[in-house]
$ cat structure-v5.csv   # CSV, C-alpha atoms and all ligand atoms
chain,number,residue,atom,x,y,z
D,1,MET,CA,156.5,-30.2,-69.1
D,2,ILE,CA,153.5,-30.8,-66.8
D,3,ASN,CA,154.1,-28.8,-63.7
D,4,PHE,CA,153.2,-30.2,-60.3
D,5,ASN,CA,151.3,-27.0,-59.5
D,6,ILE,CA,150.2,-23.8,-61.3
D,7,PRO,CA,148.6,-21.2,-59.0
D,8,PRO,CA,144.9,-20.8,-59.6
D,9,TYR,CA,143.8,-17.8,-61.7
D,10,VAL,CA,140.1,-17.5,-62.7
D,11,GLY,CA,140.2,-14.1,-64.5
D,12,LYS,CA,138.7,-11.4,-62.2
D,13,GLU,CA,141.8,-11.1,-59.9
D,14,LEU,CA,143.4,-8.2,-61.8
D,15,ASP,CA,140.2,-6.3,-61.8
D,16,TYR,CA,139.7,-6.6,-58.1
D,17,VAL,CA,143.4,-5.8,-57.4
D,18,LYS,CA,142.9,-2.7,-59.5
D,19,GLN,CA,139.7,-1.8,-57.6
D,20,ALA,CA,141.6,-2.0,-54.3
D,21,ILE,CA,144.3,0.3,-55.7
D,22,GLU,CA,141.8,2.8,-57.0
D,23,SER,CA,139.9,2.8,-53.7
D,24,HIS,CA,143.1,4.0,-52.0
D,25,LYS,CA,143.0,1.2,-49.5
D,26,ILE,CA,145.8,-1.3,-50.0
D,27,CYS,CA,146.6,-2.0,-46.3
D,28,GLY,CA,144.7,-4.6,-44.3
D,29,ASP,CA,141.1,-5.0,-43.3
D,30,GLY,CA,139.5,-3.1,-46.2
D,31,ALA,CA,136.5,-4.1,-48.3
D,32,PHE,CA,138.0,-7.2,-49.8
D,33,THR,CA,139.2,-8.6,-46.6
D,34,LYS,CA,135.7,-8.1,-45.1
D,35,LYS,CA,134.1,-9.8,-48.1
D,36,CYS,CA,136.4,-12.8,-47.7
D,37,ASN,CA,135.9,-13.1,-43.9
D,38,GLU,CA,132.2,-12.9,-44.3
D,39,TRP,CA,132.1,-15.4,-47.2
D,40,LEU,CA,134.2,-17.9,-45.1
D,41,GLU,CA,132.0,-17.4,-42.0
D,42,SER,CA,128.7,-17.9,-43.8
D,43,ARG,CA,129.9,-20.7,-46.1
D,44,PHE,CA,131.4,-22.7,-43.3
D,45,ASP,CA,128.9,-21.6,-40.6
D,46,ALA,CA,131.8,-20.5,-38.6
D,47,GLU,CA,131.6,-18.2,-35.5
D,48,LYS,CA,134.5,-15.9,-36.6
D,49,VAL,CA,137.0,-16.0,-39.4
D,50,MET,CA,139.9,-13.6,-39.9
D,51,LEU,CA,142.2,-13.5,-42.9
D,52,THR,CA,145.9,-13.7,-41.9
D,53,THR,CA,149.2,-13.3,-43.8
D,54,SER,CA,149.6,-17.1,-44.1
D,55,GLY,CA,148.5,-20.5,-42.9
D,56,SER,CA,151.6,-20.5,-40.8
D,57,THR,CA,150.6,-17.2,-39.0
D,58,ALA,CA,147.1,-18.5,-38.5
D,59,LEU,CA,148.7,-21.4,-36.6
D,60,ASP,CA,150.9,-18.9,-34.7
D,61,MET,CA,147.8,-17.0,-33.6
D,62,ALA,CA,145.9,-20.2,-32.6
D,63,PHE,CA,148.7,-21.4,-30.4
D,64,GLU,CA,149.2,-17.9,-28.9
D,65,LEU,CA,145.5,-17.8,-28.0
D,66,CYS,CA,146.0,-21.1,-26.2
D,67,GLU,CA,148.3,-19.3,-23.8
D,68,LEU,CA,150.9,-22.0,-23.4
D,69,LYS,CA,153.7,-21.8,-20.9
D,70,GLN,CA,157.3,-22.8,-21.3
D,71,GLY,CA,157.5,-26.6,-21.3
D,72,ASP,CA,153.8,-27.3,-21.9
D,73,GLU,CA,153.3,-30.1,-24.4
D,74,VAL,CA,151.6,-30.2,-27.7
D,75,ILE,CA,150.5,-33.4,-29.4
D,76,LEU,CA,150.8,-33.5,-33.2
D,77,PRO,CA,151.6,-35.8,-36.0
D,78,SER,CA,155.2,-36.0,-37.2
D,79,TYR,CA,154.0,-36.3,-40.8
D,80,THR,CA,153.2,-32.6,-41.4
D,81,PHE,CA,154.6,-29.4,-42.6
D,82,SER,CA,157.1,-27.6,-40.4
D,83,SER,CA,154.6,-24.7,-39.8
D,84,THR,CA,152.4,-26.9,-37.6
D,85,ALA,CA,155.4,-27.4,-35.3
D,86,ASN,CA,156.9,-23.9,-35.5
D,87,ALA,CA,153.8,-22.4,-34.1
D,88,ALA,CA,153.9,-24.5,-31.0
D,89,VAL,CA,157.7,-23.9,-30.6
D,90,LEU,CA,157.1,-20.2,-30.8
D,91,CYS,CA,155.0,-20.5,-27.6
D,92,GLY,CA,157.8,-22.4,-25.8
D,93,ALA,CA,156.0,-25.7,-26.1
D,94,ARG,CA,157.6,-29.2,-26.4
D,95,LEU,CA,156.4,-31.3,-29.3
D,96,VAL,CA,155.1,-34.8,-28.7
D,97,PHE,CA,154.8,-36.6,-32.0
D,98,VAL,CA,152.2,-39.3,-32.4
D,99,ASP,CA,152.2,-41.9,-35.2
D,100,ILE,CA,149.8,-41.6,-38.2
D,101,ARG,CA,147.2,-44.0,-39.6
D,102,PRO,CA,148.5,-45.6,-42.8
D,103,ASP,CA,145.1,-45.3,-44.5
D,104,THR,CA,144.5,-41.5,-44.2
D,105,MET,CA,148.0,-40.4,-43.2
D,106,ASN,CA,146.4,-38.5,-40.4
D,107,ILE,CA,147.2,-38.7,-36.7
D,108,ASP,CA,146.2,-42.0,-35.2
D,109,GLU,CA,143.4,-41.0,-32.8
D,110,LYS,CA,143.8,-44.3,-31.0
D,111,LYS,CA,147.4,-43.5,-30.0
D,112,ILE,CA,146.8,-39.9,-28.7
D,113,GLU,CA,145.7,-40.8,-25.2
D,114,ALA,CA,148.8,-42.7,-24.4
D,115,ALA,CA,150.9,-39.6,-25.3
D,116,ILE,CA,149.1,-37.3,-22.8
D,117,THR,CA,151.0,-36.2,-19.7
D,118,ASP,CA,150.2,-33.7,-17.0
D,119,ARG,CA,151.9,-31.1,-19.2
D,120,THR,CA,149.8,-31.6,-22.3
D,121,LYS,CA,147.7,-28.6,-23.3
D,122,VAL,CA,146.9,-28.9,-27.0
D,123,ILE,CA,146.2,-31.5,-29.6
D,124,CYS,CA,146.9,-30.2,-33.1
D,125,CYS,CA,145.5,-32.4,-35.8
D,126,VAL,CA,146.3,-32.0,-39.5
D,127,HIS,CA,143.7,-32.9,-42.1
D,128,TYR,CA,146.1,-34.3,-44.6
D,129,ALA,CA,145.1,-34.0,-48.3
D,130,GLY,CA,141.9,-32.4,-47.2
D,131,VAL,CA,140.7,-35.7,-45.6
D,132,ALA,CA,139.3,-35.3,-42.1
D,133,CYS,CA,140.9,-36.7,-38.9
D,134,GLU,CA,138.6,-38.8,-36.7
D,135,MET,CA,137.3,-35.7,-35.0
D,136,ASP,CA,134.7,-37.3,-32.7
D,137,THR,CA,137.3,-39.3,-30.9
D,138,ILE,CA,139.8,-36.4,-30.8
D,139,MET,CA,137.2,-34.0,-29.4
D,140,ASP,CA,136.2,-36.5,-26.8
D,141,ILE,CA,139.8,-37.1,-25.7
D,142,ALA,CA,140.3,-33.3,-25.5
D,143,THR,CA,137.2,-32.8,-23.4
D,144,ARG,CA,138.0,-35.5,-21.0
D,145,HIS,CA,141.6,-34.2,-20.4
D,146,GLY,CA,140.8,-30.5,-20.6
D,147,LEU,CA,142.9,-29.9,-23.8
D,148,LYS,CA,142.4,-27.4,-26.6
D,149,VAL,CA,142.2,-28.6,-30.2
D,150,ILE,CA,143.7,-26.8,-33.1
D,151,GLU,CA,142.8,-28.0,-36.5
D,152,ASP,CA,145.6,-27.5,-39.1
D,153,ALA,CA,143.1,-27.3,-42.0
D,154,ALA,CA,145.6,-25.7,-44.3
D,155,GLN,CA,144.8,-28.2,-47.0
D,156,ALA,CA,141.2,-28.8,-46.0
D,157,VAL,CA,139.2,-25.6,-47.0
D,158,THR,CA,135.7,-26.8,-47.9
D,159,SER,CA,136.2,-30.4,-46.7
D,160,LYS,CA,133.8,-31.9,-44.3
D,161,TYR,CA,133.6,-34.4,-41.4
D,162,LYS,CA,130.1,-35.8,-40.8
D,163,GLY,CA,128.6,-32.8,-42.5
D,164,ARG,CA,130.6,-30.2,-40.6
D,165,TYR,CA,133.3,-28.1,-42.3
D,166,LEU,CA,136.9,-28.8,-41.2
D,167,GLY,CA,138.4,-26.0,-39.2
D,168,THR,CA,135.1,-25.3,-37.4
D,169,ILE,CA,135.1,-28.3,-35.1
D,170,GLY,CA,138.1,-27.7,-32.7
D,171,ASP,CA,138.7,-24.6,-30.7
D,172,PHE,CA,140.6,-23.0,-33.6
D,173,GLY,CA,141.0,-23.9,-37.3
D,174,CYS,CA,143.8,-22.7,-39.6
D,175,TYR,CA,143.4,-22.3,-43.4
D,176,SER,CA,146.1,-21.6,-46.0
D,177,PHE,CA,145.7,-19.7,-49.2
D,178,HIS,CA,149.2,-20.2,-50.4
D,179,GLU,CA,149.6,-20.6,-54.1
D,180,THR,CA,149.8,-24.4,-53.8
D,181,LYS,CA,146.4,-24.6,-52.1
D,182,ASN,CA,142.9,-24.9,-53.7
D,183,PHE,CA,142.2,-21.2,-53.3
D,184,SER,CA,145.0,-18.7,-53.3
D,185,MET,CA,146.1,-15.2,-52.5
D,186,GLY,CA,149.8,-15.7,-53.1
D,187,GLU,CA,150.6,-15.9,-49.5
D,188,GLY,CA,147.8,-15.9,-47.0
D,189,GLY,CA,145.6,-17.8,-44.7
D,190,ALA,CA,142.7,-17.5,-42.2
D,191,LEU,CA,142.1,-18.2,-38.5
D,192,VAL,CA,138.8,-19.7,-37.6
D,193,ILE,CA,137.7,-19.1,-34.0
D,194,ASN,CA,135.0,-21.4,-32.8
D,195,ASN,CA,134.6,-20.0,-29.3
D,196,ARG,CA,133.5,-16.4,-29.2
D,197,GLU,CA,135.3,-15.8,-26.0
D,198,TYR,CA,138.5,-15.5,-28.0
D,199,ASN,CA,137.2,-13.1,-30.7
D,200,GLU,CA,138.4,-9.9,-29.0
D,201,LYS,CA,141.7,-11.3,-27.9
D,202,ALA,CA,142.3,-12.5,-31.5
D,203,GLU,CA,141.5,-9.1,-32.9
D,204,ILE,CA,144.0,-7.5,-30.5
D,205,LEU,CA,146.7,-10.1,-31.2
D,206,ARG,CA,146.2,-9.6,-35.0
D,207,GLU,CA,146.4,-5.8,-34.9
D,208,LYS,CA,149.7,-5.1,-33.1
D,209,GLY,CA,148.2,-5.4,-29.6
D,210,THR,CA,145.8,-2.6,-30.1
D,211,ASN,CA,142.0,-2.4,-29.7
D,212,ARG,CA,141.7,-0.8,-33.2
D,213,ALA,CA,138.9,-3.1,-34.2
D,214,LYS,CA,136.8,-2.0,-31.3
D,215,PHE,CA,137.6,1.6,-32.1
D,216,PHE,CA,136.4,1.2,-35.7
D,217,ARG,CA,133.2,-0.3,-34.5
D,218,GLY,CA,132.7,2.7,-32.3
D,219,GLN,CA,132.9,0.7,-29.1
D,220,VAL,CA,135.8,2.8,-27.6
D,221,ASP,CA,136.5,6.4,-28.3
D,222,LYS,CA,140.3,6.0,-28.9
D,223,TYR,CA,142.5,3.1,-29.6
D,224,THR,CA,145.5,2.1,-27.6
D,225,TRP,CA,148.0,-0.7,-27.0
D,226,VAL,CA,146.1,-3.1,-24.7
D,227,ASP,CA,148.1,-6.4,-24.9
D,228,PHE,CA,150.8,-8.2,-26.7
D,229,GLY,CA,150.2,-8.4,-30.4
D,230,ASP,CA,151.8,-8.7,-33.8
D,231,SER,CA,150.7,-7.9,-37.4
D,232,TYR,CA,148.8,-10.7,-38.9
D,233,LEU,CA,146.6,-8.9,-41.4
D,234,PRO,CA,147.2,-9.3,-45.1
D,235,SER,CA,147.2,-6.5,-47.6
D,236,GLU,CA,144.0,-5.7,-49.5
D,237,LEU,CA,145.9,-6.5,-52.7
D,238,ASN,CA,146.1,-10.1,-51.6
D,239,ALA,CA,142.6,-10.2,-50.3
D,240,ALA,CA,141.3,-8.8,-53.7
D,241,TYR,CA,143.0,-11.8,-55.4
D,242,LEU,CA,141.5,-14.2,-53.0
D,243,TRP,CA,138.0,-12.7,-53.4
D,244,ALA,CA,138.0,-13.6,-57.1
D,245,GLN,CA,138.9,-17.1,-56.1
D,246,LEU,CA,136.2,-17.5,-53.5
D,247,GLU,CA,133.6,-16.2,-55.9
D,248,SER,CA,134.6,-19.0,-58.2
D,249,ALA,CA,135.2,-21.5,-55.4
D,250,ASP,CA,132.7,-24.0,-56.8
D,251,LYS,CA,134.2,-23.8,-60.2
D,252,ILE,CA,137.7,-24.3,-59.0
D,253,GLU,CA,136.7,-27.3,-56.8
D,254,LYS,CA,134.7,-28.9,-59.6
D,255,ASP,CA,137.7,-28.7,-61.9
D,256,ARG,CA,140.1,-30.2,-59.3
D,257,MET,CA,137.6,-32.9,-58.5
D,258,GLU,CA,137.4,-33.9,-62.1
D,259,THR,CA,141.2,-34.4,-62.2
D,260,TRP,CA,141.1,-36.3,-58.9
D,261,ASN,CA,138.3,-38.6,-60.0
D,262,TYR,CA,140.0,-39.2,-63.4
D,263,TYR,CA,143.3,-40.2,-61.7
D,264,ASN,CA,141.3,-42.4,-59.2
D,265,GLU,CA,139.5,-44.2,-62.0
D,266,GLN,CA,142.4,-44.6,-64.4
D,267,LEU,CA,144.8,-45.9,-61.7
D,268,GLN,CA,142.4,-48.6,-60.4
D,269,ASP,CA,144.0,-51.4,-62.5
D,270,LEU,CA,147.4,-50.6,-61.1
D,271,ALA,CA,146.0,-50.8,-57.6
D,272,ALA,CA,144.1,-54.0,-58.4
D,273,SER,CA,147.3,-55.6,-59.5
D,274,GLY,CA,148.9,-54.6,-56.3
D,275,LYS,CA,151.5,-52.3,-57.8
D,276,VAL,CA,150.3,-49.1,-56.1
D,277,GLU,CA,147.9,-48.1,-53.3
D,278,LEU,CA,145.4,-45.3,-53.9
D,279,PRO,CA,143.9,-42.8,-51.4
D,280,PHE,CA,141.4,-44.0,-48.8
D,281,LEU,CA,138.4,-41.9,-48.1
D,282,PRO,CA,136.6,-42.7,-44.8
D,283,GLU,CA,132.8,-42.8,-45.2
D,284,TYR,CA,132.2,-39.8,-43.1
D,285,CYS,CA,134.5,-37.5,-45.1
D,286,GLU,CA,133.8,-35.2,-48.0
D,287,HIS,CA,137.2,-34.2,-49.4
D,288,ASN,CA,138.0,-31.1,-51.5
D,289,ALA,CA,140.3,-32.7,-54.1
D,290,HIS,CA,143.3,-30.9,-52.6
D,291,MET,CA,145.7,-33.7,-53.4
D,292,TYR,CA,146.0,-36.9,-55.4
D,293,TYR,CA,148.6,-39.2,-54.1
D,294,MET,CA,149.5,-42.9,-54.4
D,295,LYS,CA,151.9,-45.1,-52.7
D,296,CYS,CA,154.7,-47.1,-54.2
D,297,ARG,CA,156.2,-50.2,-52.8
D,298,ASP,CA,159.1,-48.4,-51.1
D,299,LEU,CA,161.4,-45.4,-51.2
D,300,GLN,CA,163.6,-46.9,-54.0
D,301,GLU,CA,160.7,-47.5,-56.3
D,302,ARG,CA,159.3,-44.0,-55.6
D,303,THR,CA,162.6,-42.4,-56.5
D,304,ALA,CA,162.8,-44.4,-59.7
D,305,LEU,CA,159.2,-43.4,-60.6
D,306,ILE,CA,159.8,-39.7,-60.0
D,307,ASP,CA,162.9,-39.9,-62.2
D,308,TYR,CA,161.2,-41.8,-64.9
D,309,CYS,CA,158.3,-39.3,-65.1
D,310,LYS,CA,160.5,-36.2,-64.9
D,311,LYS,CA,162.5,-37.5,-67.9
D,312,ARG,CA,159.2,-37.7,-69.7
D,313,GLY,CA,158.0,-34.2,-68.7
D,314,VAL,CA,155.7,-35.1,-65.8
D,315,MET,CA,156.5,-33.6,-62.4
D,316,LEU,CA,155.6,-35.8,-59.4
D,317,VAL,CA,156.7,-34.8,-55.9
D,318,PHE,CA,157.0,-36.5,-52.6
D,319,HIS,CA,156.0,-35.0,-49.4
D,320,TYR,CA,157.1,-34.4,-45.8
D,321,ILE,CA,160.2,-35.9,-44.3
D,322,PRO,CA,158.8,-36.7,-40.9
D,323,LEU,CA,159.5,-33.9,-38.4
D,324,HIS,CA,160.8,-36.1,-35.6
D,325,SER,CA,163.7,-37.3,-37.8
D,326,ALA,CA,164.6,-33.7,-38.8
D,327,PRO,CA,167.3,-31.7,-36.9
D,328,ALA,CA,164.7,-29.3,-35.4
D,329,GLY,CA,162.5,-32.2,-34.5
D,330,TYR,CA,165.2,-33.7,-32.2
D,331,LYS,CA,165.7,-30.3,-30.7
D,332,PHE,CA,162.1,-29.4,-29.9
D,333,GLY,CA,160.3,-32.7,-29.4
D,334,ARG,CA,160.1,-36.4,-29.0
D,335,PHE,CA,158.1,-39.3,-30.6
D,336,ALA,CA,155.6,-40.8,-28.2
D,337,GLY,CA,155.4,-44.6,-28.7
D,338,GLU,CA,156.6,-46.4,-31.8
D,339,ASP,CA,157.0,-45.0,-35.3
D,340,ILE,CA,155.3,-47.8,-37.1
D,341,TYR,CA,153.8,-46.0,-40.0
D,342,THR,CA,155.1,-42.4,-40.1
D,343,THR,CA,158.5,-43.0,-41.7
D,344,ARG,CA,157.5,-46.1,-43.7
D,345,GLU,CA,154.4,-44.6,-45.3
D,346,SER,CA,155.9,-41.1,-46.0
D,347,GLU,CA,158.7,-42.8,-47.9
D,348,ARG,CA,156.3,-44.5,-50.3
D,349,LEU,CA,153.9,-41.6,-51.0
D,350,VAL,CA,154.1,-39.6,-54.2
D,351,ARG,CA,151.8,-36.7,-55.3
D,352,LEU,CA,150.5,-36.2,-58.8
D,353,PRO,CA,150.1,-32.9,-60.6
D,354,LEU,CA,146.8,-31.4,-59.6
D,355,TYR,CA,145.7,-27.8,-60.2
D,356,TYR,CA,142.9,-25.7,-61.5
D,357,GLY,CA,142.9,-25.9,-65.3
D,358,LEU,CA,144.9,-29.1,-65.8
D,359,THR,CA,143.8,-30.2,-69.3
D,360,ASN,CA,142.4,-33.6,-70.3
D,361,THR,CA,145.5,-34.1,-72.5
D,362,ASP,CA,147.8,-33.5,-69.5
D,363,ARG,CA,145.8,-35.6,-67.2
D,364,LYS,CA,146.0,-38.5,-69.6
D,365,LYS,CA,149.8,-38.0,-70.1
D,366,VAL,CA,150.3,-38.2,-66.3
D,367,VAL,CA,148.4,-41.4,-66.1
D,368,ASP,CA,150.0,-42.9,-69.2
D,369,THR,CA,153.5,-42.0,-68.0
D,370,ILE,CA,152.9,-43.6,-64.6
D,371,LYS,CA,151.5,-46.7,-66.3
D,372,GLY,CA,154.5,-46.8,-68.6
D,373,PHE,CA,156.8,-47.0,-65.6
D,374,PHE,CA,154.9,-49.9,-64.0
D,375,ASP,CA,154.5,-51.8,-67.3
D,376,LYS,CA,158.1,-51.7,-68.2
J,401,LIG,C1,150.4,-25.2,-46.5
J,401,LIG,C2,150.4,-25.7,-45.1
J,401,LIG,C3,150.7,-24.9,-44.0
J,401,LIG,C4,151.3,-23.5,-44.1
J,401,LIG,O1,150.5,-22.7,-44.8
J,401,LIG,P1,151.2,-21.3,-45.5
J,401,LIG,O2,150.1,-20.5,-45.9
J,401,LIG,O3,152.1,-21.8,-46.6
J,401,LIG,O4,152.0,-20.7,-44.4
J,401,LIG,C5,150.6,-25.5,-42.7
J,401,LIG,N1,150.2,-26.7,-42.6
J,401,LIG,C6,149.9,-27.6,-43.6
J,401,LIG,C7,149.5,-28.9,-43.3
J,401,LIG,C8,150.0,-27.1,-44.9
J,401,LIG,O5,149.8,-27.9,-45.9

$ encode --input "structure-v5.csv" --output "structure tokens"
Amino acid sequence: MINFNIPPYVGKELDYVKQAIESHKICGDGAFTKKCNEWLESRFDAEKVMLTTSGSTALDMAFELCELKQGDEVILPSYTFSSTANAAVLCGARLVFVDIRPDTMNIDEKKIEAAITDRTKVICCVHYAGVACEMDTIMDIATRHGLKVIEDAAQAVTSKYKGRYLGTIGDFGCYSFHETKNFSMGEGGALVINNREYNEKAEILREKGTNRAKFFRGQVDKYTWVDFGDSYLPSELNAAYLWAQLESADKIEKDRMETWNYYNEQLQDLAASGKVELPFLPEYCEHNAHMYYMKCRDLQERTALIDYCKKRGVMLVFHYIPLHSAPAGYKFGRFAGEDIYTTRESERLVRLPLYYGLTNTDRKKVVDTIKGFFDK
């Protein structure tokens, strides 16, 4: 059986976890967390990065830092993971879903402005499959309307838009290091803060509402409860695992890219004969090989393809059921304008196995099995 995903493991993880244990520091913000934060900051030229317990809680933090009030509106795509929406709901916001572009599956930047009302406070864009949204347009809209921008870059660690790393362009960026993402720590994520005015507030929010971080820097002589907060810092055990991955980030990405390119080359003839559509990469984007997907004709064909491959030991998976058509989507939001592409494109999309260490034999089997389905 070729799994859809196997969590990345490069070899040094156990060593580092052991080091954390032997240093008698397994709670948060120890040496490994610091190394990871600093690596992310310098690699992405980011103002401030803080590891969190998940991509979801990085989003929670970003929305909390935007200080929304009950009934404020957040613009986001409906084609995304529930976490993007939950974070806004947690702050009492109403969700306003905007249609996606069929080529990148990202929010259609041309449809955002029509969805803005006098209650709109935030645009949350999702870089699907690690391919960038049209950030120049989105940032321009946000500036003109006085809105904050949160980048859900959960899938987009190391991807770029016009030479800039995703997550560092909006006010806040949110990364995920879940086991299904390119670099992992089991469960974990990071918040990127691109406006230093928020650094201290974020530290307080992340550390149970205390000014503990300031205390450890020697800037105050005792630490106390200064504002609302929660606990968003991951254990050192998880950070140690992630450190091994970040040290090998280039190796992991190169390996994933080889699989991505292999699929993309091998499936060209199916695309040329009009049987499937392959991913589109805008010129200004450098992607991170997070995901390889293709699109079937319709839902029925996709279901048949997934069944066919499963019977032959190849796991393909589909992706999000659009949030606006889910029970919580009705409860917490509305679709602005017409759903032309969100439902239609999401029903056709299927993801291929893609993980660090996928062998040549397995890559070939995936392609051959898919071709077998379309040739029959
Ligand atoms: C994975 C993912 C998340 C959530 O990340 P977790 O670390 O699993 O909490 C949020 N948004 C998107 C688009 C994701 O792909």

$ residues_near_ligand --input "structure-v5.csv" --ligand "ligand LIG 401 (chain J)" --cutoff "7 Å" --atoms "all atoms listed in the file" --output "list in words"
Ser54, Gly55, Ser56, Thr57, Thr80, Phe81, Ser83, Thr84, Val126, Tyr128, Asp152, Ala153, Ala154, Gln155, Ser176, Phe177, His178, Lys181, Glu187, Gly188 and Gly189 of chain D

$ residues_near_point --input "structure-v5.csv" --point "(158.9, -47.5, -37.2)" --cutoff "12 Å" --atoms "all atoms listed in the file" --output "PDB file with C-alpha atoms, in the coordinates of the input"
ATOM      1  CA  VAL D  98     152.200 -39.300 -32.400  1.00  0.00           C
ATOM      2  CA  ASP D  99     152.200 -41.900 -35.200  1.00  0.00           C
ATOM      3  CA  ILE D 100     149.800 -41.600 -38.200  1.00  0.00           C
ATOM      4  CA  PRO D 102     148.500 -45.600 -42.800  1.00  0.00           C
ATOM      5  CA  PRO D 322     158.800 -36.700 -40.900  1.00  0.00           C
ATOM      6  CA  HIS D 324     160.800 -36.100 -35.600  1.00  0.00           C
ATOM      7  CA  SER D 325     163.700 -37.300 -37.800  1.00  0.00           C
ATOM      8  CA  PHE D 335     158.100 -39.300 -30.600  1.00  0.00           C
ATOM      9  CA  ALA D 336     155.600 -40.800 -28.200  1.00  0.00           C
ATOM     10  CA  GLY D 337     155.400 -44.600 -28.700  1.00  0.00           C
ATOM     11  CA  GLU D 338     156.600 -46.400 -31.800  1.00  0.00           C
ATOM     12  CA  ASP D 339     157.000 -45.000 -35.300  1.00  0.00           C
ATOM     13  CA  ILE D 340     155.300 -47.800 -37.100  1.00  0.00           C
ATOM     14  CA  TYR D 341     153.800 -46.000 -40.000  1.00  0.00           C
ATOM     15  CA  THR D 342     155.100 -42.400 -40.100  1.00  0.00           C
ATOM     16  CA  THR D 343     158.500 -43.000 -41.700  1.00  0.00           C
ATOM     17  CA  ARG D 344     157.500 -46.100 -43.700  1.00  0.00           C
ATOM     18  CA  GLU D 345     154.400 -44.600 -45.300  1.00  0.00           C
ATOM     19  CA  SER D 346     155.900 -41.100 -46.000  1.00  0.00           C
ATOM     20  CA  GLU D 347     158.700 -42.800 -47.900  1.00  0.00           C
TER      21      GLU D 347
END

$ closest_residue --input "structure-v5.csv" --among "D:Gly357, D:Asp136, D:Phe374, D:Leu90" --to "Lys251 (chain D)" --atoms "all atoms listed in the file"
D:Gly357

$ atom_distance --input "structure-v5.csv" --atom1 "CA of Gly163 (chain D)" --atom2 "CA of Glu134 (chain D)"
13.0 Å

$ residues_around --input "structure-v5.csv" --residues "Ile107 (chain D)" --least-positions-apart "3" --cutoff "9 Å" --atoms "all atoms listed in the file" --output "PDB file with C-alpha atoms, in the frame of the given file"
ATOM      1  CA  LEU D  76     150.800 -33.500 -33.200  1.00  0.00           C
ATOM      2  CA  PRO D  77     151.600 -35.800 -36.000  1.00  0.00           C
ATOM      3  CA  SER D  78     155.200 -36.000 -37.200  1.00  0.00           C
ATOM      4  CA  TYR D  79     154.000 -36.300 -40.800  1.00  0.00           C
ATOM      5  CA  VAL D  98     152.200 -39.300 -32.400  1.00  0.00           C
ATOM      6  CA  ASP D  99     152.200 -41.900 -35.200  1.00  0.00           C
ATOM      7  CA  ILE D 100     149.800 -41.600 -38.200  1.00  0.00           C
ATOM      8  CA  ARG D 101     147.200 -44.000 -39.600  1.00  0.00           C
ATOM      9  CA  THR D 104     144.500 -41.500 -44.200  1.00  0.00           C
ATOM     10  CA  LYS D 110     143.800 -44.300 -31.000  1.00  0.00           C
ATOM     11  CA  LYS D 111     147.400 -43.500 -30.000  1.00  0.00           C
ATOM     12  CA  ILE D 112     146.800 -39.900 -28.700  1.00  0.00           C
ATOM     13  CA  CYS D 125     145.500 -32.400 -35.800  1.00  0.00           C
ATOM     14  CA  VAL D 126     146.300 -32.000 -39.500  1.00  0.00           C
ATOM     15  CA  HIS D 127     143.700 -32.900 -42.100  1.00  0.00           C
ATOM     16  CA  CYS D 133     140.900 -36.700 -38.900  1.00  0.00           C
ATOM     17  CA  GLU D 134     138.600 -38.800 -36.700  1.00  0.00           C
TER      18      GLU D 134
END

$ closest_residue --input "structure-v5.csv" --among "D:Tyr330, D:Glu203, D:Lys365, D:Asp15" --to "Phe216 (chain D)" --atoms "only C-alpha atoms"
D:Glu203

$ atom_distance --input "structure-v5.csv" --atom1 "CA of Asp298 (chain D)" --atom2 "CA of Thr361 (chain D)"
29.1 Å

$ atom_distance --input "structure-v5.csv" --atom1 "CA of Met50 (chain D)" --atom2 "CA of Lys69 (chain D)"
24.9 Å

$ residues_around --input "structure-v5.csv" --residues "Asp118 (chain D)" --least-positions-apart "4" --cutoff "12 Å" --atoms "all atoms listed in the file" --output "PyMOL selection string"
chain D and resi 71-74+113-114+122+145-147

$ closest_atom_pairs --input "structure-v5.csv" --of "region 99-190 of chain D" --to "region 37-46 of chain D" --cutoff "9 Å" --atoms "all atoms listed in the file" --output "CSV"
residue,atom,partner,partner_atom,distance
D:Thr158,CA,D:Phe44,CA,7.5
D:Arg164,CA,D:Phe44,CA,8.0
D:Tyr165,CA,D:Phe44,CA,5.8
D:Leu166,CA,D:Phe44,CA,8.5
D:Gly167,CA,D:Ala46,CA,8.6
D:Thr168,CA,D:Ala46,CA,5.9
D:Ala190,CA,D:Asn37,CA,8.3

$ closest_atom_pairs --input "structure-v5.csv" --of "region 14-94 of chain D" --to "region 194-202 of chain D" --cutoff "10 Å" --atoms "only C-alpha atoms" --output "CSV"
residue,atom,partner,partner_atom,distance
D:Asp45,CA,D:Asn194,CA,9.9
D:Ala46,CA,D:Asn194,CA,6.7
D:Glu47,CA,D:Asn194,CA,5.4
D:Lys48,CA,D:Asn194,CA,6.7
D:Val49,CA,D:Asn194,CA,8.8
D:Met50,CA,D:Ala202,CA,8.8
D:Met61,CA,D:Ala202,CA,7.4
D:Ala62,CA,D:Ala202,CA,8.6
D:Glu64,CA,D:Ala202,CA,9.1
D:Leu65,CA,D:Ala202,CA,7.1
D:Cys66,CA,D:Tyr198,CA,9.5

$ closest_residue --input "structure-v5.csv" --among "D:Phe172, D:Phe4, D:Tyr232, D:Tyr161" --to "Thr53 (chain D)" --atoms "only C-alpha atoms"
D:Tyr232

$ residues_around --input "structure-v5.csv" --residues "Leu68 (chain D)" --least-positions-apart "5" --cutoff "8 Å" --atoms "all atoms listed in the file" --output "list in words"
Phe63, Cys91, Gly92, Ala93 and Lys121 of chain D

$ closest_residue --input "structure-v5.csv" --among "D:Leu316, D:Ile150, D:Val366, D:Gly209" --to "Ala87 (chain D)" --atoms "all atoms listed in the file"
D:Ile150
